[in-house]
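For reference, protein19.txt (compact mmCIF, C-alpha atoms):
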```txt
# COMPACT_ATOMS: atom_id res chain seq x y z
CA MET A 21 117.26 14.69 62.83
CA ASN A 22 118.06 11.75 65.13
CA LYS A 23 121.56 11.51 63.62
CA ASP A 24 122.15 15.22 64.32
CA LEU A 25 120.87 14.85 67.88
CA GLU A 26 123.68 12.36 68.52
CA GLN A 27 126.42 14.66 67.18
CA ASN A 28 128.53 16.85 69.42
CA ILE A 29 127.57 20.50 69.41
CA LYS A 30 130.97 21.78 68.29
CA ALA A 31 130.74 19.74 65.09
CA ILE A 32 127.19 20.94 64.43
CA ILE A 33 128.04 24.61 65.02
CA SER A 34 131.16 24.26 62.90
CA SER A 35 129.09 22.92 59.99
CA PHE A 36 126.05 25.12 60.62
CA PRO A 37 127.10 28.37 62.41
CA ALA A 38 123.48 29.57 62.50
CA VAL A 39 122.78 26.84 65.09
CA GLY A 40 125.16 28.61 67.51
CA ASP A 41 123.27 31.90 67.04
CA ILE A 42 119.95 30.19 67.69
CA LEU A 43 121.26 28.54 70.88
CA ASN A 44 122.61 31.92 72.06
CA GLU A 45 119.15 33.44 71.63
CA TYR A 46 117.88 30.83 74.09
CA LYS A 47 120.76 31.62 76.47
CA ILE A 48 122.34 28.23 75.80
CA GLY A 49 125.97 29.24 75.67
CA CYS A 50 127.52 26.39 73.66
CA THR A 51 129.36 28.72 71.28
CA SER A 52 131.65 29.91 74.07
CA CYS A 53 132.19 26.45 75.60
CA ALA A 54 135.82 25.35 75.38
CA ALA A 55 134.93 21.65 75.12
CA GLY A 56 131.78 21.60 72.96
CA THR A 57 131.58 17.84 73.20
CA CYS A 58 127.99 17.59 74.54
CA ARG A 59 125.50 16.04 72.16
CA LEU A 60 122.73 18.29 70.83
CA LYS A 61 120.21 15.84 72.33
CA ASP A 62 121.71 16.19 75.83
CA ILE A 63 121.98 19.97 75.58
CA VAL A 64 118.32 20.34 74.71
CA GLU A 65 117.28 17.93 77.46
CA ILE A 66 119.49 19.39 80.16
CA HIS A 67 118.27 22.97 79.66
CA ASN A 68 114.68 21.83 80.18
CA LEU A 69 112.94 24.56 78.21
CA PRO A 70 109.14 24.69 78.33
CA ALA A 71 107.74 22.22 75.74
CA GLU A 72 106.59 24.88 73.27
CA GLU A 73 109.94 26.73 73.50
CA GLU A 74 111.84 23.49 72.91
CA GLU A 75 109.66 22.68 69.92
CA LYS A 76 110.32 26.13 68.47
CA LEU A 77 114.08 25.87 69.14
CA MET A 78 114.36 22.43 67.58
CA GLY A 79 112.28 23.53 64.59
CA ARG A 80 114.66 26.45 63.98
CA ILE A 81 117.73 24.22 64.39
CA ALA A 82 116.22 21.70 61.96
CA LEU A 83 115.69 24.48 59.41
CA ALA A 84 119.24 25.81 59.95
CA ILE A 85 120.63 22.33 59.26
CA SER A 86 118.26 21.50 56.44
CA PRO A 87 116.66 24.62 54.89
CA ASP A 88 114.47 22.46 52.62
CA GLY A 89 112.55 21.35 55.73
CA GLY A 90 113.60 17.72 55.32
CA LEU A 91 114.41 17.14 59.01
CA LYS A 92 111.74 15.94 61.43
CA VAL A 93 111.87 17.15 65.04
CA PRO A 94 111.22 14.36 67.58
CA LYS A 95 108.70 15.13 70.33
CA SER A 96 110.04 15.63 73.81
CA GLY A 97 108.62 13.32 76.47
CA ARG A 98 110.06 15.21 79.42
CA LYS A 99 108.26 16.70 82.38
CA PRO A 100 107.42 20.40 81.91
CA ALA A 101 110.00 22.92 83.11
CA ALA A 102 109.47 24.74 86.39
CA ALA A 103 108.04 28.22 85.99
CA PRO A 104 110.67 31.00 86.14
CA GLY A 105 111.65 31.82 89.70
CA THR A 106 110.13 28.66 91.11
CA LEU A 107 113.25 26.50 90.98
CA LYS A 108 113.33 24.30 94.07
CA TYR A 109 115.99 21.74 94.76
CA SER A 110 115.65 18.42 96.53
CA PRO A 111 117.17 18.51 100.05
CA PRO A 112 120.57 17.01 99.12
CA LEU A 113 121.04 19.28 96.11
CA ARG A 114 119.78 22.26 98.13
CA ARG A 115 122.60 21.51 100.54
CA LEU A 116 125.16 21.78 97.73
CA VAL A 117 123.58 25.02 96.48
CA GLU A 118 123.85 26.44 100.01
CA GLU A 119 127.55 25.50 100.08
CA HIS A 120 127.92 27.34 96.75
CA LEU A 121 126.70 30.52 98.46
CA LEU A 122 129.70 30.55 100.79
CA ILE A 123 132.11 29.65 98.00
CA LYS A 124 130.72 32.50 95.86
CA ARG A 125 131.30 34.95 98.74
CA LEU A 126 134.98 33.94 98.75
CA LEU A 127 135.19 34.10 94.95
CA ALA A 128 133.87 37.67 95.06
CA LEU A 129 136.84 38.61 97.27
CA LEU A 130 139.53 37.12 95.03
CA PRO A 131 140.03 40.22 92.80
CA ARG A 132 140.76 42.33 95.89
CA LEU A 133 143.10 39.66 97.25
CA ALA A 134 144.81 39.45 93.86
CA ALA A 135 145.36 43.21 93.81
CA ASP A 136 147.50 43.16 96.94
CA LEU A 137 149.84 40.22 96.71
CA GLY A 138 153.00 42.31 96.95
CA SER A 139 152.68 42.90 100.69
CA GLU A 140 153.37 40.23 103.28
CA GLU A 141 149.91 40.66 104.74
CA GLY A 142 148.25 40.45 101.31
CA ALA A 143 150.16 37.27 100.44
CA GLY A 144 149.24 35.79 103.82
CA LEU A 145 145.54 36.51 103.23
CA ALA A 146 145.76 34.92 99.77
CA LEU A 147 147.31 31.79 101.32
CA SER A 148 144.41 31.64 103.77
CA GLY A 149 142.03 32.03 100.82
CA LEU A 150 143.73 29.09 99.10
CA ASP A 151 143.38 27.10 102.32
CA PHE A 152 139.62 27.81 102.27
CA ILE A 153 139.40 26.68 98.65
CA ARG A 154 141.34 23.47 99.32
CA ASN A 155 139.43 22.52 102.45
CA TYR A 156 135.90 23.86 102.01
CA ALA A 157 135.36 24.17 98.24
CA ASP A 158 137.35 21.08 97.30
CA LYS A 159 137.62 18.51 100.11
CA TYR A 160 134.23 19.28 101.67
CA HIS A 161 132.08 20.32 98.69
CA HIS A 162 133.56 18.94 95.45
CA ALA A 163 134.32 15.61 97.12
CA LYS A 164 130.59 15.09 97.78
CA GLU A 165 129.91 15.67 94.09
CA GLU A 166 132.71 13.46 92.82
CA GLU A 167 132.47 10.60 95.29
CA ILE A 168 128.69 10.52 95.75
CA LEU A 169 126.45 12.62 93.50
CA PHE A 170 128.10 12.03 90.13
CA LYS A 171 128.12 8.28 90.75
CA TYR A 172 124.35 8.29 90.22
CA PHE A 173 124.86 9.30 86.59
CA ASP A 174 126.55 7.86 83.53
CA PRO A 175 130.26 8.79 83.82
CA ASP A 176 130.42 9.04 80.02
CA LEU A 177 127.96 11.93 79.96
CA GLU A 178 129.78 14.97 78.61
CA VAL A 179 128.24 17.23 81.24
CA ILE A 180 129.73 15.11 84.03
CA LYS A 181 133.11 14.98 82.29
CA THR A 182 133.03 18.77 81.89
CA MET A 183 132.31 19.29 85.59
CA LEU A 184 135.20 16.99 86.54
CA LYS A 185 137.51 18.82 84.14
CA ASP A 186 136.50 22.10 85.82
CA HIS A 187 137.39 20.64 89.23
CA ALA A 188 140.77 19.48 87.90
CA ALA A 189 141.45 22.85 86.26
CA GLY A 190 140.52 24.59 89.52
CA ARG A 191 142.98 22.46 91.46
CA GLY A 192 145.62 23.39 88.90
CA HIS A 193 145.01 27.10 89.49
CA VAL A 194 145.16 26.65 93.28
CA LYS A 195 148.46 24.78 92.95
CA GLY A 196 149.76 27.40 90.52
CA ALA A 197 148.78 30.27 92.81
CA ALA A 198 150.44 28.62 95.83
CA GLU A 199 153.65 28.00 93.88
CA ALA A 200 153.68 31.55 92.53
CA LEU A 201 153.18 32.94 96.05
CA ALA A 202 156.06 30.79 97.33
CA ALA A 203 158.23 32.17 94.50
CA LYS A 204 157.03 35.71 95.35
CA ASP A 205 155.69 36.04 91.80
CA ALA A 206 152.69 38.27 92.56
CA ALA A 207 151.64 38.65 88.91
CA ALA A 208 151.48 34.90 88.28
CA ALA A 209 149.65 34.30 91.57
CA ALA A 210 147.11 37.01 90.72
CA ALA A 211 146.55 35.48 87.27
CA HIS A 212 145.82 32.08 88.83
CA LEU A 213 143.47 33.53 91.46
CA LEU A 214 141.49 35.47 88.85
CA ALA A 215 141.37 32.50 86.49
CA TYR A 216 140.09 30.36 89.36
CA ARG A 217 137.43 32.97 90.16
CA ASP A 218 136.22 33.02 86.52
CA LEU A 219 136.29 29.24 86.19
CA LEU A 220 134.45 28.48 89.42
CA SER A 221 131.88 31.27 89.04
CA GLU A 222 130.83 29.86 85.68
CA HIS A 223 130.99 26.30 87.03
CA ILE A 224 128.69 27.10 89.97
CA LYS A 225 126.23 28.94 87.71
CA LYS A 226 126.04 25.89 85.42
CA GLU A 227 125.45 23.60 88.38
CA ASP A 228 122.85 25.78 90.11
CA GLU A 229 120.86 26.66 87.04
CA ILE A 230 121.23 23.68 84.74
CA LEU A 231 122.97 20.60 86.13
CA TYR A 232 121.33 20.24 89.55
CA PRO A 233 117.77 20.88 88.26
CA TRP A 234 118.40 18.29 85.54
CA MET A 235 119.74 15.84 88.14
CA ASP A 236 116.70 16.44 90.34
CA ARG A 237 114.44 15.61 87.41
CA ASN A 238 116.28 12.36 86.87
CA LEU A 239 116.74 11.15 90.46
CA SER A 240 114.06 8.89 91.92
CA LEU A 241 112.58 9.62 95.34
CA ASN A 242 114.53 6.68 96.71
CA GLN A 243 117.80 8.02 95.29
CA VAL A 244 117.13 11.46 96.79
CA GLY A 245 116.77 9.82 100.22
CA GLU A 246 119.95 7.81 99.69
CA LEU A 247 121.91 10.88 98.60
CA PHE A 248 120.70 12.82 101.62
CA GLY A 249 121.93 10.05 103.92
CA LYS A 250 125.28 9.71 102.13
CA PHE A 251 125.89 13.47 102.24
CA ALA A 252 125.12 13.48 105.97
CA GLU A 253 127.56 10.60 106.46
CA ALA A 254 130.25 12.38 104.43
CA ASP A 255 129.74 15.61 106.40
CA SER A 256 129.95 13.72 109.70
CA LYS A 257 133.58 12.84 108.85
CA PHE A 258 134.48 16.53 109.05
CA ASP A 259 135.05 18.34 112.31
CA PRO A 260 132.09 20.77 112.60
CA ALA A 261 134.40 23.28 114.27
CA ALA A 262 136.73 23.22 111.26
CA ILE A 263 133.80 23.89 108.89
CA ALA A 264 132.62 26.70 111.18
CA ARG A 265 136.15 28.17 111.05
CA GLN A 266 136.04 28.17 107.24
CA GLU A 267 132.66 29.91 107.31
CA ALA A 268 133.96 32.45 109.81
CA PHE A 269 137.07 33.02 107.68
CA ALA A 270 134.97 34.03 104.65
CA ALA A 271 132.86 36.38 106.76
CA ASP A 272 135.91 37.94 108.48
CA LEU A 273 137.71 38.43 105.18
CA GLU A 274 134.64 40.13 103.70
CA GLU A 275 134.55 42.50 106.66
CA LYS A 276 138.27 43.22 106.58
CA LEU A 277 138.35 43.95 102.86
CA ALA A 278 135.20 46.06 103.10
CA ASP A 279 136.79 48.12 105.91
CA GLU A 280 139.95 48.60 103.86
CA ALA A 281 137.95 49.65 100.82
CA ALA A 282 136.00 52.14 102.94
CA ALA A 283 139.22 53.56 104.42
CA GLN A 284 140.67 54.09 100.93
CA ALA A 285 137.50 55.79 99.62
CA MET B 21 100.58 -16.77 98.37
CA GLU B 22 100.78 -17.16 102.10
CA LYS B 23 100.95 -13.88 103.95
CA LYS B 24 103.69 -13.34 106.50
CA HIS B 25 102.18 -12.64 109.89
CA SER B 26 104.26 -11.39 112.73
CA SER B 27 104.02 -9.57 115.98
CA HIS B 28 106.53 -7.11 117.28
CA GLY B 29 107.46 -6.23 120.79
CA GLY B 30 108.17 -2.81 122.19
CA LYS B 31 106.11 0.17 123.21
CA HIS B 32 104.23 0.39 119.92
CA GLU B 33 102.80 -3.14 119.97
CA PRO B 34 99.14 -3.01 118.98
CA CYS B 35 96.37 -5.12 120.56
CA GLY B 36 95.59 -8.67 119.53
CA CYS B 37 92.74 -7.72 117.20
CA PRO B 38 93.00 -9.25 113.67
CA GLY B 39 92.57 -5.79 112.16
CA ALA B 40 95.81 -4.74 113.79
CA GLN B 41 97.85 -7.89 113.11
CA THR B 42 101.02 -7.07 111.22
CA MET B 43 101.19 -8.60 107.72
CA ASP B 44 104.04 -8.27 105.26
CA LEU B 45 102.57 -8.24 101.73
CA ARG B 46 105.69 -7.13 99.84
CA GLU B 47 106.30 -10.42 97.97
CA GLU B 48 102.63 -10.77 97.09
CA THR B 49 102.50 -7.22 95.68
CA ALA B 50 105.57 -7.81 93.55
CA ALA B 51 104.23 -11.07 92.06
CA ASP B 52 100.66 -9.94 91.38
CA ALA B 53 100.77 -7.91 88.19
CA GLY B 54 97.00 -8.29 87.75
CA PRO B 55 95.00 -8.77 84.54
CA ALA B 56 94.94 -6.01 81.96
CA GLY B 57 92.39 -3.33 82.75
CA LYS B 58 92.36 -4.06 86.48
CA ALA B 59 94.57 -2.07 88.79
CA PRO B 60 96.29 -4.39 91.29
CA SER B 61 96.75 -3.31 94.88
CA MET B 62 100.20 -1.93 95.59
CA LEU B 63 99.77 -2.10 99.36
CA ARG B 64 102.80 -3.94 100.79
CA GLN B 65 101.77 -4.24 104.43
CA TRP B 66 99.02 -4.41 107.01
CA PRO B 67 98.00 -2.48 109.06
CA VAL B 68 98.24 1.03 107.65
CA GLN B 69 96.42 3.18 110.24
CA LEU B 70 99.04 5.15 112.15
CA HIS B 71 97.69 4.14 115.59
CA LEU B 72 97.95 0.48 114.63
CA VAL B 73 101.34 0.26 112.92
CA SER B 74 104.52 -0.76 114.69
CA PRO B 75 107.56 1.29 113.61
CA MET B 76 109.59 -1.88 114.31
CA ALA B 77 107.84 -3.81 111.50
CA PRO B 78 110.41 -4.96 108.90
CA TYR B 79 108.67 -3.29 105.96
CA PHE B 80 109.33 0.14 107.47
CA GLN B 81 113.10 -0.39 107.68
CA LYS B 82 114.82 2.13 105.36
CA ALA B 83 111.57 2.43 103.39
CA ASP B 84 110.31 5.34 101.39
CA LEU B 85 107.30 6.09 103.60
CA VAL B 86 104.04 7.65 102.48
CA VAL B 87 102.11 9.45 105.23
CA ALA B 88 98.69 9.92 103.69
CA ALA B 89 95.65 11.74 104.96
CA ASP B 90 92.74 9.27 104.87
CA CYS B 91 90.84 11.05 102.12
CA THR B 92 93.72 11.26 99.63
CA ALA B 93 93.43 7.62 98.57
CA PHE B 94 89.78 8.20 97.64
CA ALA B 95 90.34 11.54 95.94
CA TYR B 96 93.35 10.60 93.82
CA GLY B 97 92.52 7.92 91.26
CA ASN B 98 96.06 6.68 90.67
CA PHE B 99 97.01 6.54 94.34
CA HIS B 100 98.20 2.92 94.35
CA ALA B 101 100.36 3.09 91.20
CA GLU B 102 101.88 6.50 91.91
CA PHE B 103 102.24 6.61 95.67
CA LEU B 104 102.07 3.09 97.11
CA LYS B 105 104.16 1.15 94.60
CA GLY B 106 107.44 0.17 96.24
CA ARG B 107 106.73 2.20 99.38
CA ALA B 108 105.49 1.66 102.92
CA ALA B 109 102.45 3.64 104.02
CA VAL B 110 100.63 4.97 107.04
CA ILE B 111 97.33 6.84 107.08
CA ALA B 112 95.77 9.27 109.52
CA CYS B 113 93.20 12.04 109.71
CA PRO B 114 94.59 15.19 111.34
CA LYS B 115 91.08 16.56 111.88
CA LEU B 116 89.18 13.66 113.41
CA ASP B 117 91.66 11.20 114.90
CA ASP B 118 92.15 11.10 118.67
CA GLY B 119 95.50 10.74 120.41
CA GLN B 120 97.53 12.66 117.88
CA GLU B 121 100.39 13.20 120.36
CA SER B 122 101.25 9.56 119.89
CA TYR B 123 101.30 10.12 116.12
CA VAL B 124 104.23 12.52 116.51
CA GLU B 125 106.10 10.00 118.69
CA LYS B 126 105.41 7.18 116.26
CA LEU B 127 106.55 9.24 113.27
CA GLN B 128 109.70 10.16 115.17
CA SER B 129 110.32 6.48 115.82
CA LEU B 130 109.84 5.74 112.11
CA ILE B 131 112.55 8.32 111.34
CA GLU B 132 114.96 7.26 114.07
CA ASP B 133 114.37 3.55 114.61
CA ALA B 134 113.07 2.38 111.23
CA LYS B 135 115.46 4.82 109.55
CA VAL B 136 112.99 5.56 106.77
CA ASN B 137 114.71 6.85 103.64
CA THR B 138 112.19 9.55 102.71
CA LEU B 139 108.80 10.81 103.90
CA THR B 140 106.10 11.77 101.39
CA VAL B 141 103.17 13.53 103.04
CA LEU B 142 99.92 13.46 101.09
CA THR B 143 97.21 15.84 102.24
CA MET B 144 93.96 17.21 100.82
CA GLU B 145 93.74 20.83 99.78
CA VAL B 146 91.28 21.62 102.60
CA PRO B 147 92.91 23.73 105.33
CA CYS B 148 92.25 21.30 108.19
CA CYS B 149 94.39 18.68 106.43
CA GLY B 150 97.57 20.75 106.75
CA GLY B 151 97.87 19.51 110.33
CA LEU B 152 99.27 16.23 109.05
CA LEU B 153 102.28 17.91 107.44
CA ALA B 154 102.77 19.97 110.62
CA MET B 155 102.77 16.73 112.63
CA VAL B 156 105.39 15.14 110.36
CA GLN B 157 107.55 18.27 110.51
CA GLN B 158 107.29 18.28 114.30
CA ALA B 159 108.41 14.65 114.41
CA ALA B 160 111.28 15.47 112.04
CA ARG B 161 112.37 18.38 114.26
CA ASN B 162 112.28 16.12 117.31
CA ALA B 163 114.29 13.39 115.59
CA LYS B 164 118.06 13.30 115.83
CA ARG B 165 118.26 11.81 112.36
CA LYS B 166 117.20 13.99 109.42
CA VAL B 167 115.27 12.82 106.40
CA PRO B 168 113.94 14.48 103.21
CA ILE B 169 110.23 15.34 103.38
CA LYS B 170 108.09 15.88 100.32
CA SER B 171 104.64 17.45 100.55
CA ILE B 172 101.99 16.63 97.96
CA VAL B 173 98.58 18.30 98.09
CA VAL B 174 95.65 16.57 96.39
CA GLY B 175 92.70 18.60 95.14
CA ILE B 176 89.10 17.65 95.87
CA GLY B 177 88.71 17.20 92.12
CA GLY B 178 91.36 14.48 92.14
CA THR B 179 94.31 16.44 90.76
CA ILE B 180 97.71 17.15 92.29
CA LYS B 181 97.60 20.78 93.44
CA SER B 182 101.22 21.03 94.48
CA GLU B 183 104.31 18.89 95.00
CA GLU B 184 107.33 20.27 96.77
CA TRP B 185 110.15 19.44 99.17
CA ALA B 186 109.11 20.62 102.63
```

Will you turn the file into structure tokens for me?
Amino acid sequence: MNKDLEQNIKAIISSFPAVGDILNEYKIGCTSCAAGTCRLKDIVEIHNLPAEEEEKLMGRIALAISPDGGLKVPKSGRKPAAAPGTLKYSPPLRRLVEEHLLIKRLLALLPRLAADLGSEEGAGLALSGLDFIRNYADKYHHAKEEEILFKYFDPDLEVIKTMLKDHAAGRGHVKGAAEALAAKDAAAAAAHLLAYRDLLSEHIKKEDEILYPWMDRNLSLNQVGELFGKFAEADSKFDPAAIARQEAFAADLEEKLADEAAAQA
Amino acid sequence: MEKKHSSHGGKHEPCGCPGAQTMDLREETAADAGPAGKAPSMLRQWPVQLHLVSPMAPYFQKADLVVAADCTAFAYGNFHAEFLKGRAAVIACPKLDDGQESYVEKLQSLIEDAKVNTLTVLTMEVPCCGGLLAMVQQAARNAKRKVPIKSIVVGIGGTIKSEEWA
């Protein structure tokens, strides 16, 4: 089984489709992943199932790959998973999760922004939304991940590469939406905004539920302290008033769109 | 190996008693692996009692600091290997020690002046021990600089009852 653990999941699912069904049962969504380049070993580790669940999952995968029972499942030496609902992040990662909350509030507004790009006011609001994404989501939040957090991990890890690809794809959608708005192409701008919403929603979910807990399990106490200090230093380079303005923008936009929705109802 | 003795100026300077003389044991701890079957001491400094330590001592600078209730080292069998190794330590009893106002000031100085990297607070499961975490949190609130605080509660039976970021 060690050889299979080293293979990328796309190749395994392609050869043994039943493996994809088994992973889906455990809510490990590799079948729908566009990349599929993570190794089976990393996928199992990163999802941190309780030991008995992992044993059962690996046993079923082993049988799906080798129905004669010829594959041996290696024992996991990891710490036990946190009980459901008890997920607690270290202070630096908690900070990133809190930033996600504000980003998710803006993402939730994108469909309504995308629906009204024909008017001057609607296009102006969308441009402000793109400004929020560029400054808060990207320069303030993603920069801490790329320039600090991810440096603590092997850059060749597929999960890190996937996160970086998501950031790059997100920037592409922001650029595309801005260009479409400048060209007064409302349909193209809407498509980019909605694609960005889908991409980043899934990206944040992966980070909150899988990546950050895995990182917390692998960071030493000393590294947690270092990260906390480096995040504070990175944040200190931003004008607090500018960050407060971004936070206020998201709240004001929520209120404005809620009022408009109520008026139309 | 010769121990490094030093004295430090400033408001936290302890008295001249040998029990309070600052000693840096970091090199000695690193070199002494100890024979098989015997657990070597992982203590990297002297003194450890919170009234006696100087926050200006070099071994506190940017250290991962353990703030342990006195009883935890006796209750938890693997205290040295798990909690002292590679860290600086101070001990106190939140129930019996006098002059606890100075503890808050000293902890604040450890956060601000020694710029400790993290604080790990070890307390016993008994309710009166929770005062130590409260003291550390008060010092952290007073400090301009922020630092991650982890709280670990040790059971009377010698097990870890809980471990979480405070």

Would you pick out the contacts of Val156 of chain B at 12 Å or less, using only C-alpha atoms, so that residues sharing its chain but fewer than 6 positions from it are not included, and give the list as a PyMOL selection string? chain B and resi 70+85-89+110+112+114+120-131+138-143+150+162-163+166-171+186

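Closest to Ala101 of chain B among B:Val173, B:Ala160, B:Leu152, B:Ala59 is B:Ala59, based on all atoms listed in the file.
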
Near chain B, which residues of chain A fall within 10 Å when you count only C-alpha atoms, and what do they look like as number ranges by chain? A: 108-112, 241-249, 252

Would you mind telling me which residue in B:Glu145, B:Ala95, B:Cys37, B:Glu47 lies nearest to Ser182 of chain B when using only C-alpha atoms?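 Smallest distance to Ser182 of chain B is found for B:Glu145.
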
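Separating atom CA of Asp41 of chain A from atom CA of Gly56 of chain A is a distance of 14.6 Å.
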
Please write as an NGL selection string the list of polymer residues whose atoms come within 6 Å of (96.3, 11.6, 89.4), counting only C-alpha atoms and keeping to the coordinates of the file. :B and (96-98 or 179)

Work out how far atom CA of Asp205 of chain A is from atom CA of Glu140 of chain A, in Å to one decimal.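 Distance between the two atoms: 12.4 Å.
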
Separation of atom CA of Ala262 of chain A and atom CA of Leu133 of chain A, in Å?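 Taking atom CA of Ala262 of chain A as the start and atom CA of Leu133 of chain A as the end point, the length is 22.5 Å.
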
For a cutoff of 8 Å around the file-coordinate point (97.7, 0.7, 91.3), which residues qualify once you count only C-alpha atoms? I'd like the result as a VMD selection string. chain B and resid 59 to 62 98 to 102 104 to 105

Counting only C-alpha atoms, give me one row per residue of segment 75-185 of chain A with an atom at most 7 Å from an atom of segment 212-224 of chain A, showing the shortest contact pair and its distance in Å to one decimal, sorted by chain then residue number, as JSON lines.
```
{"residue": "A:His120", "atom": "CA", "partner": "A:Ile224", "partner_atom": "CA", "distance": 6.8}
{"residue": "A:Leu127", "atom": "CA", "partner": "A:Arg217", "partner_atom": "CA", "distance": 5.4}
{"residue": "A:Leu130", "atom": "CA", "partner": "A:Leu213", "partner_atom": "CA", "distance": 6.4}
{"residue": "A:Pro131", "atom": "CA", "partner": "A:Leu214", "partner_atom": "CA", "distance": 6.3}
{"residue": "A:Ala134", "atom": "CA", "partner": "A:Leu213", "partner_atom": "CA", "distance": 6.5}
```

For a quick check of understanding, using all atoms listed in the file, which of B:Gln157, B:Met144, B:Asp117, B:Ala108 has the smallest distance to Val73 of chain B?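 Of all the options, B:Ala108 lies closest to Val73 of chain B.
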